[in-house]
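Chemist: Let me give you the structure first, and then I'll get to my questions.
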Amino acid sequence: MIRKLITRVFGRKTPGAPGEPAVIGVGRHGIRRDDISNGSRRTVETLQEHGYKAYVVGGAVRDLLAGITPKDYDVATNATPEQVRHCFRRSRIIGRRFQIVHVMMGAETIEVTTFRGHHDQPGGHKAHTDDQGRVLRDNVFGSEKEDAARRDFTVNALYFDPVSETIIDYHHGVADLKQKTLRMIGDPKTRYREDPVRMLRAVRLAAKLGLSIDPEASRPIREMSELIENVPPSRLFDEMLKLLTSGHAVQCVQQLRAEGLHHGLLPLLDVILEQPLGERFVMLALESTDRRVREGKPISPGFLFATLLWHEVLAKWEALMSSGSEGETPARVPARIPALFLAMDEVLDVQAEKLAITRRIAGDIKDIWALQPRFEQRSGKRPYGVLEQPRFKAAYDFLLLRAESGEVDGELGQWWTHFMNGDGDARAAMLLPPKPDEKKKRRRRRKPVPATTE
Ligand code: ATP
Ligand code: MG
């Protein structure tokens with residue numbers, strides 16, 4: 001009944017000639033020109049004043065319709081990048097694969113893209129694809145209609161004209177959004193083959209917008225999931241980061257598992273999620289990230305990936321430490337801390353290959369991990385040294401999550417909270433007596449044993 005009504009109001013059957021878009025007036029969609037950012041409105045107006053077509057497009061229109069504040073604005077136009085650049089003093093052309101123009105308006109940067117065309121037009125350009133059909137280059141300009149057809153989901157193919165306050169809707173995106181359906185434009189299998197990242201986008205956008213993925217689009221995901229392996233690591237990393245920082249990470253990860261998409265993404269994430277402690281830790285970390293995102297607080301990718309991979313490090317660390325018990329000579333078993341560093345490197349090497357974790361983020365991750373055993377040392381000068389570490393706060397938050405998940409004693413986290421907040425006297429009173437083995441080590445260091453000759 002409601003479905004019928006919505007279909008009648010927003011139209012599956014579009015008025016006008018077949019293949020023509022629905023032009024939806026403000027009375028039906030409710031978005032006013034003042035609802036979009038100043039910068040995007042002025043960008044569109046300027047382009048239109050120069051005689052070009054221009055619209056706010058994609059995620060921003062979708063988010064506004066869904067009652068979400070867009071985080072950035074994209075503009076689509078029939079002007080070429082060069083032509084766009086000539087319309088704006090503060091603008092620059094960027095990108096190699098497909099040139100886009102960044103237009104700077106006050107503090108805002110608006111991404112302006114020229115309408116893109118089909119890869120395979122009769123008598124036209126042939127798409128460059130890899131063996132699996134993944135499109136490697138799609139840098140063909142096209143018409144507005146073609147531009148709409150090459151977007152991924154119907155809700156992402158909406159063009160808002162702030163001057164007339166109309167939405168141009170080629171693929172019934174407005175109706176789909178009302179019906180809470182994420183529907184692929186075209187044949188889902190073909191579209192996933194062209195770009196397997198669309199499978200991840202489906203999961204992320206469904207979680208973000210509270211939509212259900214149309215069965216046509218979700219059915220092929222399981223069998224096609226391994227195509228993700230062909231995606232360049234840097235793109236995969238960007239998409240994973242978007243997903244994990246979407247404010248809906250818990251739901252996204254659950255959905256990734258439900259769709260059979262978690263394998264090979266964060267290699268071994270599935271293994272981690274299958275260990276009770278690991279699962280609890282990862283979920284707590286994602287919940288806290290989601291909370292921070294929703295409160296508008298900054299989050300650090302280093303912290304996030306450190307949490308996701310920690311139980312992998314723990315497993316490797318333990319394996320390295322116990323390798324002596326399996327018949328190896330004890331001399332070859334690394335000491336506790338060197339073993340941790342070995343485990344950290346091994347885990348990060350695997351991930352770096354898959355996800356192109358940048359060097360800076362890898363550095364942050366290691367700092368957080370490396371501080372963990374130092375929290376156990378609560379005597380003498382050592383705790384003061386830990387407080388001075390630049391990554392102390394992140395490492396401390398990480399420790400609290402470990403405590404909350406049951407991996408370490410809650411008392412350890414409380415001790416550090418009090419130590420951190422205490423004044424000089426309170427801190428001194430909290431210090432624990434040195435452990436017997438610490439005393440021994442210190443004494444040994446002071447009096448080096450002279451080398452013996454044999
Ligand atoms: P968000 O901004 O919330 O991450 P978004 O949909 O705006 O989501 P962007 O990466 O900003 O994502 O892309 C802008 C628009 O470009 C999308 O709305 C969609 O129309 C199109 N688009 C992005 N990625 C793809 C893709 N892989 N295949 C087809 N179209 C895409
Ligand atoms: Mg966007």
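Just remember, in the structure tokens the first chain shown is A, the second B, etc., residues are 1-based per chain, and ligands are 1-based in the order shown.
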Please provide as a PDB file with N, CA and C atoms, in the first residue's frame all residues within 9 Å of segment 41-54 of chain A, with the sequence filter that same-chain residues fewer than 4 positions apart are discarded (counting only C-alpha atoms).
Modeler:
```
ATOM      1  N   ARG A  33      17.559  25.549  -1.916  1.00  0.00           N
ATOM      2  CA  ARG A  33      18.939  25.892  -2.305  1.00  0.00           C
ATOM      3  C   ARG A  33      19.787  26.262  -1.090  1.00  0.00           C
ATOM      4  N   ASP A  34      19.150  26.731  -0.024  1.00  0.00           N
ATOM      5  CA  ASP A  34      19.924  27.093   1.175  1.00  0.00           C
ATOM      6  C   ASP A  34      20.331  25.880   2.003  1.00  0.00           C
ATOM      7  N   ILE A  36      22.038  23.396   0.845  1.00  0.00           N
ATOM      8  CA  ILE A  36      23.373  22.931   0.449  1.00  0.00           C
ATOM      9  C   ILE A  36      24.407  23.968   0.870  1.00  0.00           C
ATOM     10  N   SER A  37      25.668  23.584   0.837  1.00  0.00           N
ATOM     11  CA  SER A  37      26.696  24.514   1.313  1.00  0.00           C
ATOM     12  C   SER A  37      26.782  25.707   0.368  1.00  0.00           C
ATOM     13  N   VAL A  75      30.134  18.345  -7.557  1.00  0.00           N
ATOM     14  CA  VAL A  75      29.370  19.011  -8.606  1.00  0.00           C
ATOM     15  C   VAL A  75      29.692  18.306  -9.920  1.00  0.00           C
ATOM     16  N   ALA A  76      28.658  18.064 -10.732  1.00  0.00           N
ATOM     17  CA  ALA A  76      28.886  17.480 -12.050  1.00  0.00           C
ATOM     18  C   ALA A  76      28.463  18.503 -13.107  1.00  0.00           C
ATOM     19  N   THR A  77      29.201  18.533 -14.207  1.00  0.00           N
ATOM     20  CA  THR A  77      28.970  19.559 -15.223  1.00  0.00           C
ATOM     21  C   THR A  77      29.311  19.031 -16.615  1.00  0.00           C
ATOM     22  N   ASN A  78      28.830  19.740 -17.636  1.00  0.00           N
ATOM     23  CA  ASN A  78      29.259  19.361 -18.990  1.00  0.00           C
ATOM     24  C   ASN A  78      30.481  20.180 -19.429  1.00  0.00           C
ATOM     25  N   ALA A  79      30.961  21.062 -18.574  1.00  0.00           N
ATOM     26  CA  ALA A  79      32.191  21.798 -18.902  1.00  0.00           C
ATOM     27  C   ALA A  79      33.388  20.875 -18.735  1.00  0.00           C
ATOM     28  N   VAL A  84      36.191  24.468 -16.698  1.00  0.00           N
ATOM     29  CA  VAL A  84      35.839  24.729 -15.297  1.00  0.00           C
ATOM     30  C   VAL A  84      36.891  25.630 -14.672  1.00  0.00           C
ATOM     31  N   CYS A  87      36.559  29.240 -15.140  1.00  0.00           N
ATOM     32  CA  CYS A  87      35.429  29.925 -14.480  1.00  0.00           C
ATOM     33  C   CYS A  87      35.781  30.368 -13.057  1.00  0.00           C
ATOM     34  N   PHE A  88      36.853  29.779 -12.476  1.00  0.00           N
ATOM     35  CA  PHE A  88      37.139  30.049 -11.056  1.00  0.00           C
ATOM     36  C   PHE A  88      38.599  30.424 -10.875  1.00  0.00           C
ATOM     37  N   VAL A 103      37.566  23.254  -6.750  1.00  0.00           N
ATOM     38  CA  VAL A 103      37.250  24.678  -6.693  1.00  0.00           C
ATOM     39  C   VAL A 103      37.245  25.079  -5.224  1.00  0.00           C
ATOM     40  N   MET A 105      36.281  27.536  -2.360  1.00  0.00           N
ATOM     41  CA  MET A 105      35.311  28.602  -2.031  1.00  0.00           C
ATOM     42  C   MET A 105      35.408  28.833  -0.534  1.00  0.00           C
ATOM     43  N   ILE A 110      35.271  22.229  -3.378  1.00  0.00           N
ATOM     44  CA  ILE A 110      34.212  21.526  -4.094  1.00  0.00           C
ATOM     45  C   ILE A 110      34.861  20.732  -5.223  1.00  0.00           C
ATOM     46  N   VAL A 112      34.663  19.215  -8.708  1.00  0.00           N
ATOM     47  CA  VAL A 112      33.845  19.364  -9.910  1.00  0.00           C
ATOM     48  C   VAL A 112      34.293  18.343 -10.953  1.00  0.00           C
ATOM     49  N   GLU A 144      24.921  13.885 -19.771  1.00  0.00           N
ATOM     50  CA  GLU A 144      24.373  13.828 -18.412  1.00  0.00           C
ATOM     51  C   GLU A 144      23.751  12.452 -18.150  1.00  0.00           C
ATOM     52  N   TYR A 159      20.609  14.401  -9.330  1.00  0.00           N
ATOM     53  CA  TYR A 159      21.240  15.673  -9.706  1.00  0.00           C
ATOM     54  C   TYR A 159      20.360  16.807  -9.200  1.00  0.00           C
ATOM     55  N   PHE A 160      20.909  17.605  -8.299  1.00  0.00           N
ATOM     56  CA  PHE A 160      20.128  18.704  -7.723  1.00  0.00           C
ATOM     57  C   PHE A 160      20.570  20.026  -8.342  1.00  0.00           C
ATOM     58  N   ASP A 161      19.594  20.745  -8.873  1.00  0.00           N
ATOM     59  CA  ASP A 161      19.878  22.069  -9.434  1.00  0.00           C
ATOM     60  C   ASP A 161      19.386  23.120  -8.430  1.00  0.00           C
ATOM     61  N   PRO A 162      20.311  23.800  -7.756  1.00  0.00           N
ATOM     62  CA  PRO A 162      19.880  24.747  -6.722  1.00  0.00           C
ATOM     63  C   PRO A 162      19.174  25.975  -7.308  1.00  0.00           C
ATOM     64  N   VAL A 163      19.385  26.246  -8.580  1.00  0.00           N
ATOM     65  CA  VAL A 163      18.748  27.424  -9.171  1.00  0.00           C
ATOM     66  C   VAL A 163      17.247  27.170  -9.323  1.00  0.00           C
TER      67      VAL A 163
END
```
Chemist: Skip segment 423-431 of chain A itself and residues of its chain fewer than 4 positions away, then list as a ChimeraX atom specification all residues within 10 Å of it, counting only C-alpha atoms.
Modeler: /A:377-384,415-416,418-419
Chemist: Those residues you just picked out, can you put them in a file as a PDB file, in the first residue's frame with N, CA, C and O atoms?
Modeler:
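Produced file selection08.pdb, reproduced below:
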```pdb
ATOM      1  N   GLN A 377      55.077  -2.159  33.963  1.00  0.00           N
ATOM      2  CA  GLN A 377      56.180  -1.788  34.850  1.00  0.00           C
ATOM      3  C   GLN A 377      55.764  -0.585  35.682  1.00  0.00           C
ATOM      4  O   GLN A 377      55.665   0.523  35.158  1.00  0.00           O
ATOM      5  N   ARG A 378      55.508  -0.848  36.945  1.00  0.00           N
ATOM      6  CA  ARG A 378      54.918   0.221  37.759  1.00  0.00           C
ATOM      7  C   ARG A 378      55.799   0.576  38.951  1.00  0.00           C
ATOM      8  O   ARG A 378      55.327   0.967  40.000  1.00  0.00           O
ATOM      9  N   SER A 379      57.119   0.397  38.780  1.00  0.00           N
ATOM     10  CA  SER A 379      58.002   0.751  39.886  1.00  0.00           C
ATOM     11  C   SER A 379      59.108   1.679  39.380  1.00  0.00           C
ATOM     12  O   SER A 379      59.335   1.785  38.170  1.00  0.00           O
ATOM     13  N   GLY A 380      59.755   2.335  40.322  1.00  0.00           N
ATOM     14  CA  GLY A 380      60.912   3.186  39.976  1.00  0.00           C
ATOM     15  C   GLY A 380      60.527   4.329  39.047  1.00  0.00           C
ATOM     16  O   GLY A 380      59.441   4.899  39.141  1.00  0.00           O
ATOM     17  N   LYS A 381      61.440   4.638  38.117  1.00  0.00           N
ATOM     18  CA  LYS A 381      61.232   5.800  37.243  1.00  0.00           C
ATOM     19  C   LYS A 381      60.403   5.454  36.006  1.00  0.00           C
ATOM     20  O   LYS A 381      59.994   6.329  35.252  1.00  0.00           O
ATOM     21  N   ARG A 382      60.241   4.158  35.779  1.00  0.00           N
ATOM     22  CA  ARG A 382      59.675   3.755  34.490  1.00  0.00           C
ATOM     23  C   ARG A 382      58.298   4.328  34.163  1.00  0.00           C
ATOM     24  O   ARG A 382      58.086   4.798  33.043  1.00  0.00           O
ATOM     25  N   PRO A 383      57.345   4.308  35.098  1.00  0.00           N
ATOM     26  CA  PRO A 383      56.016   4.838  34.741  1.00  0.00           C
ATOM     27  C   PRO A 383      56.076   6.309  34.312  1.00  0.00           C
ATOM     28  O   PRO A 383      55.306   6.735  33.462  1.00  0.00           O
ATOM     29  N   TYR A 384      57.030   7.072  34.898  1.00  0.00           N
ATOM     30  CA  TYR A 384      57.133   8.484  34.522  1.00  0.00           C
ATOM     31  C   TYR A 384      57.565   8.591  33.055  1.00  0.00           C
ATOM     32  O   TYR A 384      57.111   9.460  32.311  1.00  0.00           O
ATOM     33  N   TRP A 415      44.897   1.717  37.715  1.00  0.00           N
ATOM     34  CA  TRP A 415      46.159   2.233  38.258  1.00  0.00           C
ATOM     35  C   TRP A 415      46.677   3.371  37.378  1.00  0.00           C
ATOM     36  O   TRP A 415      47.035   4.444  37.870  1.00  0.00           O
ATOM     37  N   TRP A 416      46.660   3.148  36.063  1.00  0.00           N
ATOM     38  CA  TRP A 416      47.191   4.168  35.152  1.00  0.00           C
ATOM     39  C   TRP A 416      46.304   5.414  35.119  1.00  0.00           C
ATOM     40  O   TRP A 416      46.799   6.525  34.991  1.00  0.00           O
ATOM     41  N   HIS A 418      44.662   6.601  37.664  1.00  0.00           N
ATOM     42  CA  HIS A 418      44.995   7.360  38.864  1.00  0.00           C
ATOM     43  C   HIS A 418      46.384   7.962  38.769  1.00  0.00           C
ATOM     44  O   HIS A 418      46.604   9.104  39.154  1.00  0.00           O
ATOM     45  N   PHE A 419      47.312   7.189  38.239  1.00  0.00           N
ATOM     46  CA  PHE A 419      48.698   7.684  38.124  1.00  0.00           C
ATOM     47  C   PHE A 419      48.740   8.922  37.219  1.00  0.00           C
ATOM     48  O   PHE A 419      49.367   9.932  37.543  1.00  0.00           O
TER      49      PHE A 419
END
```
Chemist: Can you tell me which residues sit at most 9 Å away from ligand 1, counting only C-alpha atoms and all ligand atoms, written as a ChimeraX atom specification?
Modeler: /A:57-63,70-74,147-158,191-192,194-199,201,204-205,208,239,242-243,246
Chemist: Just to be explicit: take each residue in the selection above, keep N, CA and C atoms, and write the result as a compact mmCIF listing (two decimals), in the first residue's frame.
Modeler:
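What follows is the written file again-v9.txt:
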```txt
# COMPACT_ATOMS: atom_id res chain seq x y z
N VAL A 57 25.64 16.70 -7.04
CA VAL A 57 25.32 15.32 -7.42
C VAL A 57 25.84 14.33 -6.39
N GLY A 58 25.30 13.13 -6.46
CA GLY A 58 25.87 12.01 -5.70
C GLY A 58 25.50 12.02 -4.22
N GLY A 59 26.51 11.69 -3.41
CA GLY A 59 26.28 11.48 -1.98
C GLY A 59 25.59 12.63 -1.25
N ALA A 60 25.91 13.87 -1.65
CA ALA A 60 25.36 15.01 -0.93
C ALA A 60 23.83 15.08 -1.09
N VAL A 61 23.34 14.87 -2.30
CA VAL A 61 21.89 14.94 -2.55
C VAL A 61 21.21 13.79 -1.79
N ARG A 62 21.82 12.63 -1.91
CA ARG A 62 21.30 11.44 -1.21
C ARG A 62 21.22 11.68 0.30
N ASP A 63 22.31 12.20 0.86
CA ASP A 63 22.33 12.42 2.31
C ASP A 63 21.29 13.46 2.73
N PRO A 70 25.57 16.32 4.70
CA PRO A 70 26.63 15.80 3.83
C PRO A 70 28.01 16.22 4.33
N LYS A 71 29.01 15.34 4.13
CA LYS A 71 30.33 15.75 4.61
C LYS A 71 31.11 16.48 3.51
N ASP A 72 30.75 16.28 2.28
CA ASP A 72 31.35 17.07 1.21
C ASP A 72 30.40 17.13 0.03
N TYR A 73 30.72 18.01 -0.90
CA TYR A 73 29.82 18.24 -2.03
C TYR A 73 30.55 17.99 -3.35
N ASP A 74 29.89 17.27 -4.21
CA ASP A 74 30.43 17.06 -5.56
C ASP A 74 29.51 17.76 -6.54
N ASP A 147 26.36 9.88 -17.67
CA ASP A 147 26.98 10.09 -16.36
C ASP A 147 26.15 9.42 -15.26
N ALA A 148 24.83 9.56 -15.39
CA ALA A 148 23.95 8.95 -14.39
C ALA A 148 24.06 7.43 -14.45
N ALA A 149 24.16 6.87 -15.66
CA ALA A 149 24.16 5.42 -15.82
C ALA A 149 25.44 4.79 -15.29
N ARG A 150 26.54 5.53 -15.23
CA ARG A 150 27.78 4.91 -14.77
C ARG A 150 27.98 5.04 -13.25
N ARG A 151 27.06 5.71 -12.59
CA ARG A 151 27.13 5.75 -11.12
C ARG A 151 26.68 4.40 -10.56
N ASP A 152 27.02 4.14 -9.31
CA ASP A 152 26.78 2.77 -8.84
C ASP A 152 25.32 2.48 -8.43
N PHE A 153 24.80 3.24 -7.47
CA PHE A 153 23.46 2.91 -6.96
C PHE A 153 22.46 4.00 -7.37
N THR A 154 21.20 3.63 -7.46
CA THR A 154 20.20 4.60 -7.93
C THR A 154 20.15 5.83 -7.03
N VAL A 155 20.36 5.62 -5.72
CA VAL A 155 20.30 6.76 -4.80
C VAL A 155 21.49 7.70 -4.96
N ASN A 156 22.50 7.23 -5.69
CA ASN A 156 23.69 8.06 -5.91
C ASN A 156 23.64 8.79 -7.25
N ALA A 157 22.58 8.60 -8.00
CA ALA A 157 22.50 9.20 -9.34
C ALA A 157 21.44 10.30 -9.38
N LEU A 158 21.46 11.13 -8.36
CA LEU A 158 20.49 12.23 -8.28
C LEU A 158 21.21 13.55 -8.50
N ARG A 191 28.44 -4.83 -12.82
CA ARG A 191 28.94 -3.64 -12.13
C ARG A 191 29.99 -4.00 -11.07
N TYR A 192 29.84 -5.16 -10.39
CA TYR A 192 30.85 -5.59 -9.43
C TYR A 192 32.13 -6.01 -10.15
N GLU A 194 33.20 -4.81 -12.95
CA GLU A 194 33.89 -3.57 -13.38
C GLU A 194 34.67 -2.95 -12.23
N ASP A 195 34.07 -3.00 -11.04
CA ASP A 195 34.71 -2.39 -9.88
C ASP A 195 34.26 -3.10 -8.60
N PRO A 196 35.08 -4.06 -8.12
CA PRO A 196 34.68 -4.85 -6.95
C PRO A 196 34.50 -4.02 -5.68
N VAL A 197 35.05 -2.81 -5.64
CA VAL A 197 34.89 -1.96 -4.46
C VAL A 197 33.41 -1.63 -4.24
N ARG A 198 32.63 -1.74 -5.30
CA ARG A 198 31.19 -1.46 -5.16
C ARG A 198 30.53 -2.40 -4.16
N MET A 199 31.10 -3.59 -3.97
CA MET A 199 30.54 -4.52 -2.96
C MET A 199 30.71 -3.92 -1.57
N ARG A 201 31.13 -0.70 -0.97
CA ARG A 201 30.30 0.51 -0.91
C ARG A 201 28.86 0.15 -0.59
N ARG A 204 28.66 -0.41 3.13
CA ARG A 204 28.84 0.84 3.89
C ARG A 204 27.63 1.76 3.74
N LEU A 205 27.17 1.94 2.51
CA LEU A 205 26.07 2.88 2.30
C LEU A 205 24.77 2.35 2.91
N LYS A 208 25.10 3.11 6.56
CA LYS A 208 25.04 4.55 6.84
C LYS A 208 23.61 5.09 6.70
N GLU A 239 38.93 2.67 1.17
CA GLU A 239 37.55 2.25 1.35
C GLU A 239 37.34 1.65 2.74
N LYS A 242 37.12 4.48 5.14
CA LYS A 242 35.79 5.11 5.06
C LYS A 242 34.78 4.28 5.83
N LEU A 243 34.87 2.98 5.63
CA LEU A 243 33.91 2.07 6.26
C LEU A 243 34.07 2.09 7.79
N SER A 246 32.91 5.42 9.41
CA SER A 246 31.61 5.91 8.94
C SER A 246 30.67 6.24 10.10
```
Chemist: Show which residues sit within 12 Å of Lys189 of chain A, as number ranges by chain. Count only C-alpha atoms, and ignore same-chain residues fewer than 3 positions away.
Modeler: A: 132-134, 152, 184-186, 192-196, 198-199, 216-225, 227
Chemist: Could the residues in this selection be written to a file with N, CA and C atoms, as a PDB file, in the first residue's frame?
Modeler:
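Generated file (part_8.pdb):
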```pdb
ATOM      1  N   GLN A 132      39.755 -10.043 -15.168  1.00  0.00           N
ATOM      2  CA  GLN A 132      38.478 -10.317 -14.491  1.00  0.00           C
ATOM      3  C   GLN A 132      37.388  -9.322 -14.886  1.00  0.00           C
ATOM      4  N   GLY A 133      37.708  -8.394 -15.745  1.00  0.00           N
ATOM      5  CA  GLY A 133      36.694  -7.432 -16.181  1.00  0.00           C
ATOM      6  C   GLY A 133      36.706  -6.139 -15.386  1.00  0.00           C
ATOM      7  N   ARG A 134      37.745  -5.967 -14.515  1.00  0.00           N
ATOM      8  CA  ARG A 134      37.791  -4.732 -13.735  1.00  0.00           C
ATOM      9  C   ARG A 134      38.221  -3.575 -14.637  1.00  0.00           C
ATOM     10  N   ASP A 152      27.016   4.138  -9.311  1.00  0.00           N
ATOM     11  CA  ASP A 152      26.783   2.771  -8.835  1.00  0.00           C
ATOM     12  C   ASP A 152      25.323   2.484  -8.431  1.00  0.00           C
ATOM     13  N   MET A 184      21.252  -1.365  -7.350  1.00  0.00           N
ATOM     14  CA  MET A 184      22.335  -1.120  -8.302  1.00  0.00           C
ATOM     15  C   MET A 184      21.761  -0.624  -9.621  1.00  0.00           C
ATOM     16  N   ILE A 185      22.464   0.276 -10.262  1.00  0.00           N
ATOM     17  CA  ILE A 185      22.073   0.676 -11.614  1.00  0.00           C
ATOM     18  C   ILE A 185      22.671  -0.360 -12.573  1.00  0.00           C
ATOM     19  N   GLY A 186      21.840  -0.968 -13.372  1.00  0.00           N
ATOM     20  CA  GLY A 186      22.330  -1.974 -14.322  1.00  0.00           C
ATOM     21  C   GLY A 186      22.447  -3.339 -13.668  1.00  0.00           C
ATOM     22  N   TYR A 192      29.840  -5.161 -10.395  1.00  0.00           N
ATOM     23  CA  TYR A 192      30.849  -5.593  -9.427  1.00  0.00           C
ATOM     24  C   TYR A 192      32.130  -6.012 -10.148  1.00  0.00           C
ATOM     25  N   ARG A 193      31.936  -6.637 -11.298  1.00  0.00           N
ATOM     26  CA  ARG A 193      33.121  -7.058 -12.058  1.00  0.00           C
ATOM     27  C   ARG A 193      33.922  -5.825 -12.493  1.00  0.00           C
ATOM     28  N   GLU A 194      33.201  -4.806 -12.954  1.00  0.00           N
ATOM     29  CA  GLU A 194      33.889  -3.566 -13.377  1.00  0.00           C
ATOM     30  C   GLU A 194      34.674  -2.950 -12.232  1.00  0.00           C
ATOM     31  N   ASP A 195      34.074  -3.002 -11.040  1.00  0.00           N
ATOM     32  CA  ASP A 195      34.712  -2.387  -9.876  1.00  0.00           C
ATOM     33  C   ASP A 195      34.256  -3.104  -8.600  1.00  0.00           C
ATOM     34  N   PRO A 196      35.084  -4.062  -8.120  1.00  0.00           N
ATOM     35  CA  PRO A 196      34.679  -4.846  -6.947  1.00  0.00           C
ATOM     36  C   PRO A 196      34.497  -4.015  -5.679  1.00  0.00           C
ATOM     37  N   ARG A 198      32.626  -1.736  -5.299  1.00  0.00           N
ATOM     38  CA  ARG A 198      31.188  -1.459  -5.159  1.00  0.00           C
ATOM     39  C   ARG A 198      30.529  -2.403  -4.156  1.00  0.00           C
ATOM     40  N   MET A 199      31.103  -3.589  -3.968  1.00  0.00           N
ATOM     41  CA  MET A 199      30.539  -4.520  -2.961  1.00  0.00           C
ATOM     42  C   MET A 199      30.713  -3.918  -1.565  1.00  0.00           C
ATOM     43  N   GLU A 216      18.801  -8.513  -5.527  1.00  0.00           N
ATOM     44  CA  GLU A 216      19.530  -8.634  -6.802  1.00  0.00           C
ATOM     45  C   GLU A 216      20.993  -8.215  -6.652  1.00  0.00           C
ATOM     46  N   ALA A 217      21.181  -7.195  -5.818  1.00  0.00           N
ATOM     47  CA  ALA A 217      22.534  -6.659  -5.653  1.00  0.00           C
ATOM     48  C   ALA A 217      23.311  -7.385  -4.566  1.00  0.00           C
ATOM     49  N   SER A 218      22.613  -7.962  -3.589  1.00  0.00           N
ATOM     50  CA  SER A 218      23.370  -8.625  -2.518  1.00  0.00           C
ATOM     51  C   SER A 218      23.660 -10.092  -2.859  1.00  0.00           C
ATOM     52  N   ARG A 219      22.798 -10.706  -3.680  1.00  0.00           N
ATOM     53  CA  ARG A 219      22.965 -12.127  -4.003  1.00  0.00           C
ATOM     54  C   ARG A 219      24.342 -12.459  -4.591  1.00  0.00           C
ATOM     55  N   PRO A 220      24.824 -11.710  -5.570  1.00  0.00           N
ATOM     56  CA  PRO A 220      26.093 -12.123  -6.185  1.00  0.00           C
ATOM     57  C   PRO A 220      27.330 -11.859  -5.329  1.00  0.00           C
ATOM     58  N   ILE A 221      27.171 -11.132  -4.229  1.00  0.00           N
ATOM     59  CA  ILE A 221      28.372 -10.687  -3.501  1.00  0.00           C
ATOM     60  C   ILE A 221      29.199 -11.879  -3.005  1.00  0.00           C
ATOM     61  N   ARG A 222      28.534 -12.866  -2.413  1.00  0.00           N
ATOM     62  CA  ARG A 222      29.267 -13.981  -1.827  1.00  0.00           C
ATOM     63  C   ARG A 222      30.170 -14.670  -2.857  1.00  0.00           C
ATOM     64  N   GLU A 223      29.591 -14.966  -4.025  1.00  0.00           N
ATOM     65  CA  GLU A 223      30.400 -15.686  -5.023  1.00  0.00           C
ATOM     66  C   GLU A 223      31.452 -14.789  -5.682  1.00  0.00           C
ATOM     67  N   MET A 224      31.233 -13.477  -5.638  1.00  0.00           N
ATOM     68  CA  MET A 224      32.174 -12.594  -6.317  1.00  0.00           C
ATOM     69  C   MET A 224      33.171 -11.951  -5.369  1.00  0.00           C
ATOM     70  N   SER A 225      33.063 -12.288  -4.073  1.00  0.00           N
ATOM     71  CA  SER A 225      33.846 -11.554  -3.076  1.00  0.00           C
ATOM     72  C   SER A 225      35.352 -11.615  -3.341  1.00  0.00           C
ATOM     73  N   LEU A 227      36.942 -11.218  -5.909  1.00  0.00           N
ATOM     74  CA  LEU A 227      37.425 -10.203  -6.853  1.00  0.00           C
ATOM     75  C   LEU A 227      38.070  -9.019  -6.135  1.00  0.00           C
TER      76      LEU A 227
END
```
Chemist: In Å, with one decimal, what is the gap from atom CA of Leu371 of chain A to atom CA of Ala356 of chain A?
Modeler: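 Interatomic distance, atom CA of Leu371 of chain A to atom CA of Ala356 of chain A: 23.7 Å.
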Chemist: For each of A:Glu111, A:Asp349, A:Glu259, A:Glu312, take the minimum atom-to-atom distance to ligand 2, counting only C-alpha atoms and all ligand atoms, then give the residue where this is smallest.
Modeler: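 Once distances to ligand 2 are computed over only C-alpha atoms and all ligand atoms, the minimum belongs to A:Glu111.
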Chemist: Mind listing the alpha helix (DSSP H) residues of segment 193-355 of chain A, per DSSP on the backbone, as a ChimeraX atom specification?
Modeler: /A:193-194,197-209,215-218,221-224,233-244,249-258,269-274,276-294,301-321,336-355
Chemist: Please determine, counting only C-alpha atoms, which residue among A:Gln99, A:Ser300, A:Ser234, A:Thr245 has the shortest atom-to-atom distance to Ile361 of chain A.
Modeler: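 Smallest distance to Ile361 of chain A is found for A:Ser300.
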Chemist: Would you list the contacts of Gly363 of chain A as a ChimeraX atom specification, taking every protein, DNA or RNA residue within 12 Å and counting only C-alpha atoms, but skipping same-chain residues closer than 3 positions in sequence?
Modeler: /A:301-303,305-306,344-345,348,352,357-360,366-370,391
